[in-house]
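K.L.:
Next comes entry_28.cif, mmCIF, C-alpha atoms:
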```
data_my_file
#
loop_
_atom_site.label_atom_id
_atom_site.label_comp_id
_atom_site.auth_asym_id
_atom_site.auth_seq_id
_atom_site.Cartn_x
_atom_site.Cartn_y
_atom_site.Cartn_z
CA MET N 1 90.92 49.86 24.35
CA ILE N 2 89.73 51.35 21.11
CA GLY N 3 90.49 49.88 17.70
CA LEU N 4 90.48 51.20 14.18
CA ILE N 5 88.57 50.63 10.96
CA GLY N 6 90.56 50.26 7.77
CA LYS N 7 90.69 49.03 4.23
CA LYS N 8 92.77 46.10 3.05
CA ILE N 9 95.02 47.36 0.27
CA GLY N 10 96.90 44.21 -0.69
CA MET N 11 99.96 42.15 0.02
CA THR N 12 103.64 42.46 -0.78
CA ARG N 13 106.96 41.46 0.72
CA THR N 14 109.50 43.31 2.82
CA PHE N 15 112.95 42.37 4.02
CA GLN N 16 114.40 42.41 7.49
CA GLU N 17 117.91 43.57 8.26
CA ASP N 18 119.11 39.99 8.55
CA GLY N 19 117.81 39.18 5.08
CA ARG N 20 114.65 37.37 6.06
CA SER N 21 111.69 38.02 3.82
CA VAL N 22 108.48 39.02 5.56
CA PRO N 23 105.15 38.75 3.75
CA VAL N 24 103.00 41.72 4.71
CA THR N 25 99.45 42.92 4.26
CA VAL N 26 99.03 46.64 3.74
CA ILE N 27 96.03 48.15 5.51
CA GLU N 28 94.90 51.74 5.16
CA ALA N 29 93.64 52.32 8.68
CA GLY N 30 91.71 55.45 9.48
CA PRO N 31 91.48 58.32 9.87
CA CYS N 32 88.28 57.50 11.75
CA VAL N 33 85.89 59.96 13.38
CA VAL N 34 84.13 59.55 16.69
CA THR N 35 80.45 59.56 15.71
CA GLN N 36 78.92 58.82 19.08
CA VAL N 37 80.03 58.64 22.71
CA LYS N 38 77.92 56.43 24.93
CA THR N 39 78.03 56.80 28.68
CA GLU N 40 76.66 54.77 31.52
CA ASN N 41 74.25 57.54 32.60
CA VAL N 42 72.61 57.98 29.21
CA ASP N 43 73.00 54.66 27.44
CA GLY N 44 73.55 52.19 30.27
CA TYR N 45 77.11 51.39 29.22
CA ASN N 46 80.30 53.13 28.13
CA ALA N 47 81.32 52.94 24.50
CA VAL N 48 82.76 54.90 21.61
CA GLN N 49 81.41 54.61 18.09
CA ILE N 50 83.81 55.42 15.28
CA GLY N 51 83.19 55.72 11.54
CA PHE N 52 85.34 55.28 8.45
CA GLY N 53 85.09 55.70 4.68
CA ALA N 54 83.30 58.42 2.74
CA LYS N 55 79.78 57.90 1.49
CA LYS N 56 77.51 60.11 -0.58
CA ALA N 57 74.81 61.99 1.29
CA LYS N 58 72.16 60.92 -1.23
CA ASN N 59 72.88 57.29 -0.36
CA THR N 60 72.55 57.93 3.37
CA PRO N 61 69.17 57.70 5.13
CA LEU N 62 68.07 61.02 6.62
CA PRO N 63 68.26 59.82 10.26
CA MET N 64 71.85 58.73 9.66
CA GLN N 65 72.63 62.06 8.02
CA GLY N 66 71.50 63.73 11.23
CA HIS N 67 73.68 61.34 13.22
CA PHE N 68 76.72 62.35 11.21
CA ARG N 69 75.82 66.05 11.27
CA LYS N 70 75.87 65.87 15.07
CA ALA N 71 79.46 64.63 14.93
CA GLY N 72 80.31 67.32 12.39
CA THR N 73 81.41 64.89 9.69
CA ASP N 74 80.39 63.86 6.19
CA PRO N 75 78.42 60.60 5.96
CA LEU N 76 80.60 57.55 6.64
CA ARG N 77 80.24 54.04 5.31
CA THR N 78 81.25 51.89 8.27
CA LEU N 79 80.48 52.37 11.94
CA VAL N 80 81.98 50.28 14.73
CA GLU N 81 81.39 50.53 18.45
CA TYR N 82 84.01 49.81 21.10
CA ARG N 83 83.02 49.11 24.70
CA MET N 84 85.01 51.02 27.31
CA GLU N 85 85.77 50.25 30.94
CA GLY N 86 85.33 53.78 32.25
CA GLU N 87 83.86 56.93 30.82
CA PRO N 88 85.38 57.54 27.34
CA GLU N 89 87.94 60.30 27.07
CA LEU N 90 87.23 60.81 23.38
CA LYS N 91 84.82 63.55 22.40
CA LEU N 92 82.22 63.58 19.64
CA GLY N 93 83.86 64.47 16.32
CA ASP N 94 87.39 63.61 17.46
CA ALA N 95 89.68 62.13 14.83
CA VAL N 96 91.12 58.70 15.55
CA ASP N 97 94.17 57.51 13.66
CA LEU N 98 96.94 54.95 13.93
CA SER N 99 98.47 56.75 16.88
CA VAL N 100 95.82 55.14 19.14
CA LEU N 101 97.54 51.81 18.56
CA GLY N 102 100.76 53.40 19.82
CA GLU N 103 103.86 51.25 19.80
CA LEU N 104 101.91 48.01 19.64
CA SER N 105 103.63 44.96 18.28
CA LEU N 106 100.64 42.61 18.07
CA VAL N 107 97.19 43.28 16.66
CA ASP N 108 94.04 41.31 15.84
CA VAL N 109 92.47 41.96 12.46
CA THR N 110 88.82 41.19 11.74
CA GLY N 111 87.30 41.06 8.29
CA ILE N 112 84.75 39.33 6.10
CA THR N 113 86.40 36.37 4.37
CA LYS N 114 86.21 35.90 0.62
CA GLY N 115 82.90 34.29 -0.33
CA ARG N 116 83.32 30.92 -1.99
CA GLY N 117 79.64 30.09 -2.29
CA PHE N 118 78.31 26.58 -1.77
CA SER N 119 81.50 24.52 -1.58
CA GLY N 120 82.21 20.85 -1.25
CA ASN N 121 84.14 19.08 1.45
CA ILE N 122 87.48 19.20 -0.32
CA LYS N 123 87.58 22.99 -0.57
CA ARG N 124 85.61 23.73 2.58
CA HIS N 125 87.12 21.26 5.04
CA GLY N 126 90.34 20.21 3.38
CA HIS N 127 89.24 16.62 2.86
CA HIS N 128 91.15 14.36 0.52
CA ARG N 129 89.96 13.22 -2.86
CA GLY N 130 88.71 9.76 -3.59
CA PRO N 131 90.40 7.50 -6.13
CA ASP N 132 90.35 8.78 -9.69
CA GLY N 133 90.41 5.54 -11.64
CA HIS N 134 89.34 1.87 -11.52
CA GLY N 135 85.70 2.83 -12.04
CA SER N 136 85.67 5.04 -8.97
CA LYS N 137 82.81 7.50 -8.88
CA ASN N 138 83.50 9.24 -5.58
CA VAL N 139 86.31 11.51 -6.72
CA ARG N 140 85.13 14.56 -4.76
CA ALA N 141 82.24 12.99 -2.89
CA SER N 142 82.01 13.26 0.87
CA GLY N 143 82.07 9.53 1.66
CA SER N 144 80.37 8.02 4.66
CA ILE N 145 78.77 10.46 7.08
CA GLY N 146 78.28 8.10 9.98
CA MET N 147 77.79 4.60 11.39
CA HIS N 148 74.80 2.22 11.42
CA THR N 149 71.71 1.60 13.56
CA PHE N 150 73.84 2.80 16.42
CA PRO N 151 73.87 5.80 16.76
CA GLY N 152 71.28 5.94 13.94
CA ARG N 153 71.90 9.60 13.28
CA VAL N 154 74.58 11.88 11.92
CA VAL N 155 76.99 13.26 14.51
CA LYS N 156 76.53 16.95 15.25
CA GLY N 157 79.09 19.18 13.59
CA LYS N 158 79.84 16.64 10.85
CA ALA N 159 81.80 18.33 8.08
CA MET N 160 79.54 18.64 5.07
CA PRO N 161 79.25 20.82 1.97
CA GLY N 162 77.70 24.25 2.36
CA GLN N 163 78.32 27.98 2.29
CA TYR N 164 82.01 28.71 2.65
CA GLY N 165 83.44 32.16 3.29
CA ASN N 166 81.68 35.54 3.32
CA LYS N 167 81.75 35.24 7.06
CA GLN N 168 83.38 37.37 9.72
CA GLU N 169 86.70 36.05 10.90
CA THR N 170 89.44 37.37 13.16
CA LYS N 171 93.12 36.73 12.71
CA LYS N 172 94.83 37.09 16.03
CA ASN N 173 98.29 38.16 17.14
CA LEU N 174 99.58 39.53 13.87
CA THR N 175 102.97 41.21 14.12
CA VAL N 176 103.03 44.87 13.18
CA VAL N 177 105.90 45.28 10.73
CA SER N 178 105.72 49.02 10.26
CA VAL N 179 103.37 51.97 10.63
CA ASP N 180 103.17 55.04 8.42
CA THR N 181 101.13 57.58 10.37
CA GLU N 182 101.46 60.16 7.62
CA ARG N 183 99.64 58.02 5.06
CA ASN N 184 97.61 56.05 7.62
CA LEU N 185 99.20 52.77 6.55
CA ILE N 186 99.91 49.78 8.75
CA LEU N 187 101.84 46.74 7.57
CA VAL N 188 101.07 43.50 9.39
CA LYS N 189 102.84 40.21 8.91
CA GLY N 190 100.90 37.56 7.05
CA SER N 191 97.47 37.54 5.51
CA VAL N 192 94.26 39.16 6.64
CA PRO N 193 90.66 37.99 6.06
CA GLY N 194 88.83 39.33 3.03
CA HIS N 195 89.46 40.61 -0.45
CA LYS N 196 91.29 43.77 -1.50
CA ASN N 197 89.44 46.98 -0.60
CA GLY N 198 87.54 44.98 2.01
CA ILE N 199 86.75 46.64 5.32
CA VAL N 200 88.74 45.33 8.27
CA THR N 201 88.95 46.35 11.89
CA ILE N 202 92.19 46.38 13.84
CA ARG N 203 92.41 46.10 17.59
CA PRO N 204 95.25 45.49 20.01
CA SER N 205 95.80 41.85 20.82
CA ARG N 206 94.83 40.71 24.25
CA MET D 1 100.91 55.61 -8.06
CA ASN D 2 98.67 53.41 -5.98
CA ILE D 3 99.46 52.59 -2.37
CA ILE D 4 100.65 49.04 -2.83
CA ASP D 5 103.04 50.06 -5.62
CA SER D 6 104.38 52.90 -3.51
CA ILE D 7 105.47 50.25 -1.00
CA ARG D 8 106.63 47.79 -3.65
CA TYR D 9 108.85 50.38 -5.31
CA ASN D 10 109.93 52.25 -2.19
CA ASP D 11 113.64 52.24 -1.36
CA LEU D 12 114.67 49.92 -4.15
CA ARG D 13 118.41 49.32 -4.23
CA ASP D 14 120.39 51.02 -6.95
CA ASP D 15 123.75 49.40 -6.29
CA LEU D 16 123.15 46.54 -8.72
CA PRO D 17 124.30 46.68 -12.34
CA GLU D 18 121.86 46.23 -15.17
CA PHE D 19 121.68 42.66 -16.39
CA ASN D 20 119.42 40.69 -18.65
CA ILE D 21 118.19 37.18 -19.11
CA GLY D 22 120.99 35.05 -20.56
CA ASP D 23 123.78 36.99 -18.91
CA THR D 24 126.28 35.14 -16.81
CA ILE D 25 126.47 36.82 -13.43
CA ALA D 26 128.14 36.34 -10.10
CA VAL D 27 125.81 36.77 -7.16
CA GLY D 28 127.51 37.58 -3.89
CA VAL D 29 125.42 35.72 -1.34
CA ARG D 30 125.68 36.69 2.28
CA ILE D 31 125.98 33.55 4.39
CA GLN D 32 125.71 33.49 8.14
CA GLU D 33 127.75 30.89 9.93
CA GLY D 34 127.81 30.89 13.70
CA GLY D 35 127.72 34.63 14.23
CA LYS D 36 130.03 35.33 11.31
CA THR D 37 128.92 36.45 7.88
CA ARG D 38 130.84 35.84 4.71
CA ILE D 39 130.17 36.34 1.04
CA GLN D 40 129.95 33.39 -1.31
CA ASN D 41 129.81 33.81 -5.05
CA PHE D 42 127.23 31.92 -7.07
CA ILE D 43 128.21 32.17 -10.72
CA GLY D 44 125.75 31.15 -13.40
CA ALA D 45 123.37 32.20 -16.12
CA VAL D 46 120.20 34.17 -15.44
CA ILE D 47 117.47 32.03 -16.94
CA ALA D 48 114.39 33.80 -15.61
CA ARG D 49 113.31 36.99 -13.97
CA GLN D 50 110.04 37.21 -12.12
CA GLY D 51 108.07 39.87 -10.28
CA THR D 52 108.68 43.57 -9.85
CA GLY D 53 109.79 45.88 -7.08
CA THR D 54 110.61 44.23 -3.78
CA GLU D 55 109.07 41.00 -5.05
CA ALA D 56 111.48 40.62 -7.97
CA THR D 57 113.43 37.36 -8.16
CA ILE D 58 115.96 35.92 -10.57
CA THR D 59 116.70 32.29 -11.29
CA VAL D 60 120.39 31.56 -11.75
CA ARG D 61 121.53 28.25 -13.22
CA LYS D 62 125.02 26.86 -13.04
CA LEU D 63 126.84 23.57 -13.41
CA SER D 64 128.36 22.36 -10.19
CA SER D 65 130.65 19.38 -10.75
CA GLY D 66 128.49 18.11 -13.55
CA ILE D 67 125.19 18.65 -11.79
CA ALA D 68 123.03 21.60 -12.74
CA VAL D 69 122.02 23.78 -9.80
CA GLU D 70 119.37 26.47 -9.94
CA ARG D 71 118.97 29.07 -7.25
CA ILE D 72 116.27 31.67 -6.97
CA PHE D 73 117.40 34.99 -5.51
CA PRO D 74 115.11 37.77 -4.33
CA VAL D 75 116.92 40.68 -5.95
CA GLU D 76 116.01 43.14 -3.20
CA SER D 77 117.09 40.86 -0.38
CA PRO D 78 119.90 42.10 1.85
CA ASN D 79 121.33 38.61 1.50
CA VAL D 80 122.20 39.41 -2.09
CA ASP D 81 125.33 41.39 -1.36
CA SER D 82 126.35 42.18 -4.91
CA ILE D 83 125.82 41.20 -8.53
CA THR D 84 128.52 41.44 -11.17
CA VAL D 85 128.01 40.70 -14.84
CA LYS D 86 130.57 38.29 -16.24
CA LYS D 87 129.26 37.73 -19.74
CA ARG D 88 126.45 39.12 -21.85
CA GLY D 89 124.30 36.50 -23.51
CA ARG D 90 122.48 36.65 -26.83
CA ILE D 91 119.13 34.98 -26.40
CA ARG D 92 115.74 34.98 -28.07
CA ARG D 93 113.32 34.35 -25.25
CA ALA D 94 112.55 35.68 -21.79
CA LYS D 95 112.68 32.35 -19.94
CA LEU D 96 115.50 29.98 -20.74
CA TYR D 97 113.85 26.89 -19.31
CA TYR D 98 114.81 24.95 -22.45
CA LEU D 99 118.33 24.78 -21.06
CA ARG D 100 117.08 22.25 -18.54
CA ASP D 101 116.50 19.71 -21.27
CA ARG D 102 119.91 20.20 -22.83
CA THR D 103 123.40 19.17 -21.83
CA GLY D 104 126.93 19.84 -22.98
CA ARG D 105 127.53 21.96 -26.03
CA LYS D 106 123.82 22.36 -26.72
CA ALA D 107 123.26 23.98 -23.35
CA ARG D 108 125.46 26.95 -24.16
CA ILE D 109 124.23 30.52 -24.46
CA ARG D 110 125.72 32.47 -27.32
CA GLU D 111 127.70 35.51 -26.25
CA ALA D 112 126.36 38.89 -27.27
CA ARG D 113 128.32 40.85 -29.81
CA ARG D 114 129.28 44.30 -28.70
#
```
For the file at hand, write its structure as C-alpha cells.

P.N.:
Amino acid sequence: MIGLIGKKIGMTRTFQEDGRSVPVTVIEAGPCVVTQVKTENVDGYNAVQIGFGAKKAKNTPLPMQGHFRKAGTDPLRTLVEYRMEGEPELKLGDAVDLSVLGELSLVDVTGITKGRGFSGNIKRHGHHRGPDGHGSKNVRASGSIGMHTFPGRVVKGKAMPGQYGNKQETKKNLTVVSVDTERNLILVKGSVPGHKNGIVTIRPSR
Amino acid sequence: MNIIDSIRYNDLRDDLPEFNIGDTIAVGVRIQEGGKTRIQNFIGAVIARQGTGTEATITVRKLSSGIAVERIFPVESPNVDSITVKKRGRIRRAKLYYLRDRTGRKARIREARR
C-alpha cells in the first residue's frame, strides 16, 4: 500500500474525553503528486513514485524538470517510491492526500533523526557516568572495552563513541489521534524522528 | 497563525473565569471511582501559571492538615470541571515559589483591594 510524504510541524498536547492527556506530533502530510508509474512490462517491477514540497525550477536539474513536466507538476523537493503488488491504479499526475490512509489507526513514520555529531557513550548509548570525585578521571570515559589475551580483540558491535543521529529511523505503530483532510494535517501520538520542518514519510503499519 | 498554534489554540474552553497568580481558587476536579465520577474541590492559591493554549497548566498550593500540598492542573483538561475564584490576591511576582520557604503568618498572600 502507498504511503505519504509530509513535513513535521511540531508537538503539542490534546485531551481525550476521559481527561487523559495525549502528546501528539503534528505532521503536514501531502498533498503529494504521482510523478512516475512503474509497471512490470516497462520497468521490471510495479511501483508508484510520489513527490512532495515545492522547489524552484532554477534549482532543479534540467532532466528532473522534464520528469516533473511529464507529470504536469511544478518541481518537487522530495520523491519517494512505493512498490506495489499488482499494476498500480494511480495515474501519472494524480494527487495523493491523507485519504489514501483511510480510517487507519496505526502508522509507521520514517524520518532523519536530529544530528548530534560525534557523541560519547553517555549520550549515544545511555551509559552511566564514572565517579566525579576522589581523584577520578573517567567521569565520561568509556571504561574497559574488553577482556585480556583471550579473546585478544574487541567484541564486534561494542558500544563506542561516534556519529550519533542524522540517520534514517522509523517509528512503528504510532496511533493516529486525528486527521484533518482539509488542511492535510495528521496528528500521531508520541514523537517522530527528526527536527521541525523535517521531511517524514508515513505508511500504514504492517 | 502558524499550524501548530492553530491546534494549540483551537477549541479552548471559555467556561472558566479569569484568575491571576495569587488568587485563591477552587478547582473542581473530576474523579473517577469504579465507574462513577464525582467532583472534588481543591481549594488553594495559584502560585504559578505555565504554558499557553492546550498546554497551559496552573500550580495550586494549599495547606492540608498542616502539610502543604501542591497540585498541577492542565487548565484545558476535561478533568478540571470548574474553577471558581474565592479571593483575589495582591502579589508582586509571577511565580510565588517563595511561599514554599515560608510558614504561618509569613506565608499569607495579601488580599487585593477592590

K.L.:
Using all atoms listed in the file, which residue out of N:Gly133, N:Gly19, N:Pro193, N:Gly3 lies closest to chain D?

P.N.:
N:Gly19

K.L.:
Please identify every residue of chain D that has at least one atom no more than 10 Å from any atom of chain N, counting all atoms listed in the file, and report them as a ChimeraX atom specification.

P.N.:
/D:2-5,7-8,30-32,53-56,74,76-80

K.L.:
Restricting it to C-alpha atoms, dump the selection as a short mmCIF file (atom, residue, chain, number, x, y, z; two decimals), in the coordinates of the input.

P.N.:
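Okay, this is what ended up in again28.cif:
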```cif
data_model
loop_
_atom_site.label_atom_id
_atom_site.label_comp_id
_atom_site.auth_asym_id
_atom_site.auth_seq_id
_atom_site.Cartn_x
_atom_site.Cartn_y
_atom_site.Cartn_z
CA ASN D 2 98.67 53.41 -5.98
CA ILE D 3 99.46 52.59 -2.37
CA ILE D 4 100.65 49.04 -2.83
CA ASP D 5 103.04 50.06 -5.62
CA ILE D 7 105.47 50.25 -1.00
CA ARG D 8 106.63 47.79 -3.65
CA ARG D 30 125.68 36.69 2.28
CA ILE D 31 125.98 33.55 4.39
CA GLN D 32 125.71 33.49 8.14
CA GLY D 53 109.79 45.88 -7.08
CA THR D 54 110.61 44.23 -3.78
CA GLU D 55 109.07 41.00 -5.05
CA ALA D 56 111.48 40.62 -7.97
CA PRO D 74 115.11 37.77 -4.33
CA GLU D 76 116.01 43.14 -3.20
CA SER D 77 117.09 40.86 -0.38
CA PRO D 78 119.90 42.10 1.85
CA ASN D 79 121.33 38.61 1.50
CA VAL D 80 122.20 39.41 -2.09
#
```

K.L.:
Quick one: which residues end up in the PyMOL selection byres ((chain N and resi 172) around 7) for this structure, as JSON, numbers by chain?

P.N.:
{"N": [107, 108, 109, 170, 171, 173, 174, 205]}

K.L.:
Tell me which of N:Gly120, N:Gly115, N:Gly53, N:Gly66 sits closest to Val139 in chain N, counting only C-alpha atoms.

P.N.:
N:Gly120

K.L.:
Would you compute the distance between CA of Asn166 in chain N and CA of Gly194 in chain N? Give it in Å to one decimal.

P.N.:
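It comes out at 8.1 Å.
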
K.L.:
Applied to the shown file, which residues does the PyMOL selection byres ((chain N and resi 82-88) around 12) return, written as an MDAnalysis selection string?

P.N.:
chainID N and resid 1:5 34:51 79:81 89:92 94 201:203

K.L.:
What does the file look like for those residues with C-alpha atoms, as an mmCIF file, in the coordinates of the input?

P.N.:
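See part-v1.cif below for the written result:
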```
data_model
loop_
_atom_site.group_PDB
_atom_site.id
_atom_site.type_symbol
_atom_site.label_atom_id
_atom_site.label_comp_id
_atom_site.auth_asym_id
_atom_site.auth_seq_id
_atom_site.Cartn_x
_atom_site.Cartn_y
_atom_site.Cartn_z
ATOM 1 C CA MET N 1 90.920 49.860 24.350
ATOM 2 C CA ILE N 2 89.730 51.350 21.110
ATOM 3 C CA GLY N 3 90.490 49.880 17.700
ATOM 4 C CA LEU N 4 90.480 51.200 14.180
ATOM 5 C CA ILE N 5 88.570 50.630 10.960
ATOM 6 C CA VAL N 34 84.130 59.550 16.690
ATOM 7 C CA THR N 35 80.450 59.560 15.710
ATOM 8 C CA GLN N 36 78.920 58.820 19.080
ATOM 9 C CA VAL N 37 80.030 58.640 22.710
ATOM 10 C CA LYS N 38 77.920 56.430 24.930
ATOM 11 C CA THR N 39 78.030 56.800 28.680
ATOM 12 C CA GLU N 40 76.660 54.770 31.520
ATOM 13 C CA ASN N 41 74.250 57.540 32.600
ATOM 14 C CA VAL N 42 72.610 57.980 29.210
ATOM 15 C CA ASP N 43 73.000 54.660 27.440
ATOM 16 C CA GLY N 44 73.550 52.190 30.270
ATOM 17 C CA TYR N 45 77.110 51.390 29.220
ATOM 18 C CA ASN N 46 80.300 53.130 28.130
ATOM 19 C CA ALA N 47 81.320 52.940 24.500
ATOM 20 C CA VAL N 48 82.760 54.900 21.610
ATOM 21 C CA GLN N 49 81.410 54.610 18.090
ATOM 22 C CA ILE N 50 83.810 55.420 15.280
ATOM 23 C CA GLY N 51 83.190 55.720 11.540
ATOM 24 C CA LEU N 79 80.480 52.370 11.940
ATOM 25 C CA VAL N 80 81.980 50.280 14.730
ATOM 26 C CA GLU N 81 81.390 50.530 18.450
ATOM 27 C CA GLU N 89 87.940 60.300 27.070
ATOM 28 C CA LEU N 90 87.230 60.810 23.380
ATOM 29 C CA LYS N 91 84.820 63.550 22.400
ATOM 30 C CA LEU N 92 82.220 63.580 19.640
ATOM 31 C CA ASP N 94 87.390 63.610 17.460
ATOM 32 C CA THR N 201 88.950 46.350 11.890
ATOM 33 C CA ILE N 202 92.190 46.380 13.840
ATOM 34 C CA ARG N 203 92.410 46.100 17.590
#
```

K.L.:
Given the file shown, determine the residues that the PyMOL selection byres ((chain D and resi 42) around 12) selects; report them as number ranges by chain.

P.N.:
D: 24-31, 39-41, 43-46, 59-64, 69-73, 80-86

K.L.:
Residues of the last selection are to be written out with C-alpha atoms, as an mmCIF file, in the coordinates of the input.

P.N.:
```
data_model
loop_
_atom_site.group_PDB
_atom_site.id
_atom_site.type_symbol
_atom_site.label_atom_id
_atom_site.label_comp_id
_atom_site.auth_asym_id
_atom_site.auth_seq_id
_atom_site.Cartn_x
_atom_site.Cartn_y
_atom_site.Cartn_z
ATOM 1 C CA THR D 24 126.280 35.140 -16.810
ATOM 2 C CA ILE D 25 126.470 36.820 -13.430
ATOM 3 C CA ALA D 26 128.140 36.340 -10.100
ATOM 4 C CA VAL D 27 125.810 36.770 -7.160
ATOM 5 C CA GLY D 28 127.510 37.580 -3.890
ATOM 6 C CA VAL D 29 125.420 35.720 -1.340
ATOM 7 C CA ARG D 30 125.680 36.690 2.280
ATOM 8 C CA ILE D 31 125.980 33.550 4.390
ATOM 9 C CA ILE D 39 130.170 36.340 1.040
ATOM 10 C CA GLN D 40 129.950 33.390 -1.310
ATOM 11 C CA ASN D 41 129.810 33.810 -5.050
ATOM 12 C CA ILE D 43 128.210 32.170 -10.720
ATOM 13 C CA GLY D 44 125.750 31.150 -13.400
ATOM 14 C CA ALA D 45 123.370 32.200 -16.120
ATOM 15 C CA VAL D 46 120.200 34.170 -15.440
ATOM 16 C CA THR D 59 116.700 32.290 -11.290
ATOM 17 C CA VAL D 60 120.390 31.560 -11.750
ATOM 18 C CA ARG D 61 121.530 28.250 -13.220
ATOM 19 C CA LYS D 62 125.020 26.860 -13.040
ATOM 20 C CA LEU D 63 126.840 23.570 -13.410
ATOM 21 C CA SER D 64 128.360 22.360 -10.190
ATOM 22 C CA VAL D 69 122.020 23.780 -9.800
ATOM 23 C CA GLU D 70 119.370 26.470 -9.940
ATOM 24 C CA ARG D 71 118.970 29.070 -7.250
ATOM 25 C CA ILE D 72 116.270 31.670 -6.970
ATOM 26 C CA PHE D 73 117.400 34.990 -5.510
ATOM 27 C CA VAL D 80 122.200 39.410 -2.090
ATOM 28 C CA ASP D 81 125.330 41.390 -1.360
ATOM 29 C CA SER D 82 126.350 42.180 -4.910
ATOM 30 C CA ILE D 83 125.820 41.200 -8.530
ATOM 31 C CA THR D 84 128.520 41.440 -11.170
ATOM 32 C CA VAL D 85 128.010 40.700 -14.840
ATOM 33 C CA LYS D 86 130.570 38.290 -16.240
#
```

K.L.:
Hey, which of N:Gly102, N:Pro31, N:Gly152, N:Gly165 ends up closest to Phe118 in chain N? Count all atoms listed in the file.

P.N.:
N:Gly165

K.L.:
For a test of reading the model, state the distance in Å between CA of Arg153 in chain N and CA of Asn121 in chain N, rounded to one decimal.

P.N.:
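Separation between CA of Arg153 in chain N and CA of Asn121 in chain N: 19.5 Å.
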
K.L.:
For a test of reading the model, state the distance in Å between CA of Ala141 in chain N and CA of His195 in chain N, rounded to one decimal.

P.N.:
28.7 Å

K.L.:
With distances taken over all atoms listed in the file, which of D:Val75, D:Ile91, D:Ile67, D:Leu16 is nearest to Thr103 in chain D?

P.N.:
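With all atoms listed in the file as the atom set, the closest residue is D:Ile67.
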
K.L.:
For a quick check of your reading of the model, name the residues lying within 12 Å of the coordinate (77.4, 66.8, 10.2), counting only C-alpha atoms, and write them as a PyMOL selection string.

P.N.:
chain N and resi 33-35+57+62-76+92-93

K.L.:
Which residue out of D:Gly66, D:Gly51, D:Gly22, D:Pro17 has the minimum interatomic distance to Arg88 in chain D when all atoms listed in the file are used?

P.N.:
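Between D:Gly66, D:Gly51, D:Gly22, D:Pro17, the residue approaching Arg88 in chain D most closely is D:Gly22.
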
K.L.:
Pop range 186-198 of chain N out of the structure in the block and write N, CA and C atoms as a JSON list (two decimals), in the first residue's frame.

P.N.:
```json
[["chain", "number", "residue", "atom", "x", "y", "z"],
["N", 186, "ILE", "N", -2.11, 15.52, 10.01],
["N", 186, "ILE", "CA", -2.34, 14.28, 10.72],
["N", 186, "ILE", "C", -1.66, 14.40, 12.08],
["N", 187, "LEU", "N", -2.38, 14.00, 13.13],
["N", 187, "LEU", "CA", -1.83, 14.06, 14.47],
["N", 187, "LEU", "C", -1.57, 12.63, 14.94],
["N", 188, "VAL", "N", -0.31, 12.32, 15.21],
["N", 188, "VAL", "CA", 0.01, 10.98, 15.71],
["N", 188, "VAL", "C", 0.49, 11.09, 17.15],
["N", 189, "LYS", "N", 0.21, 10.04, 17.89],
["N", 189, "LYS", "CA", 0.57, 10.03, 19.30],
["N", 189, "LYS", "C", 2.07, 9.83, 19.46],
["N", 190, "GLY", "N", 2.68, 10.64, 20.30],
["N", 190, "GLY", "CA", 4.09, 10.48, 20.59],
["N", 190, "GLY", "C", 4.99, 11.24, 19.64],
["N", 191, "SER", "N", 6.27, 10.98, 19.74],
["N", 191, "SER", "CA", 7.24, 11.74, 18.96],
["N", 191, "SER", "C", 7.53, 11.04, 17.64],
["N", 192, "VAL", "N", 8.22, 11.77, 16.80],
["N", 192, "VAL", "CA", 8.53, 11.32, 15.45],
["N", 192, "VAL", "C", 9.98, 11.71, 15.17],
["N", 193, "PRO", "N", 10.76, 10.88, 14.44],
["N", 193, "PRO", "CA", 12.16, 11.21, 14.22],
["N", 193, "PRO", "C", 12.34, 12.54, 13.49],
["N", 194, "GLY", "N", 13.38, 13.26, 13.85],
["N", 194, "GLY", "CA", 13.75, 14.45, 13.11],
["N", 194, "GLY", "C", 13.36, 15.75, 13.77],
["N", 195, "HIS", "N", 13.87, 16.84, 13.19],
["N", 195, "HIS", "CA", 13.59, 18.17, 13.72],
["N", 195, "HIS", "C", 12.34, 18.72, 13.07],
["N", 196, "LYS", "N", 11.88, 19.89, 13.56],
["N", 196, "LYS", "CA", 10.74, 20.55, 12.96],
["N", 196, "LYS", "C", 11.06, 20.89, 11.51],
["N", 197, "ASN", "N", 10.03, 20.85, 10.67],
["N", 197, "ASN", "CA", 10.15, 21.09, 9.23],
["N", 197, "ASN", "C", 10.94, 19.99, 8.52],
["N", 198, "GLY", "N", 11.27, 18.93, 9.25],
["N", 198, "GLY", "CA", 11.97, 17.81, 8.62],
["N", 198, "GLY", "C", 10.99, 16.99, 7.79]]
```
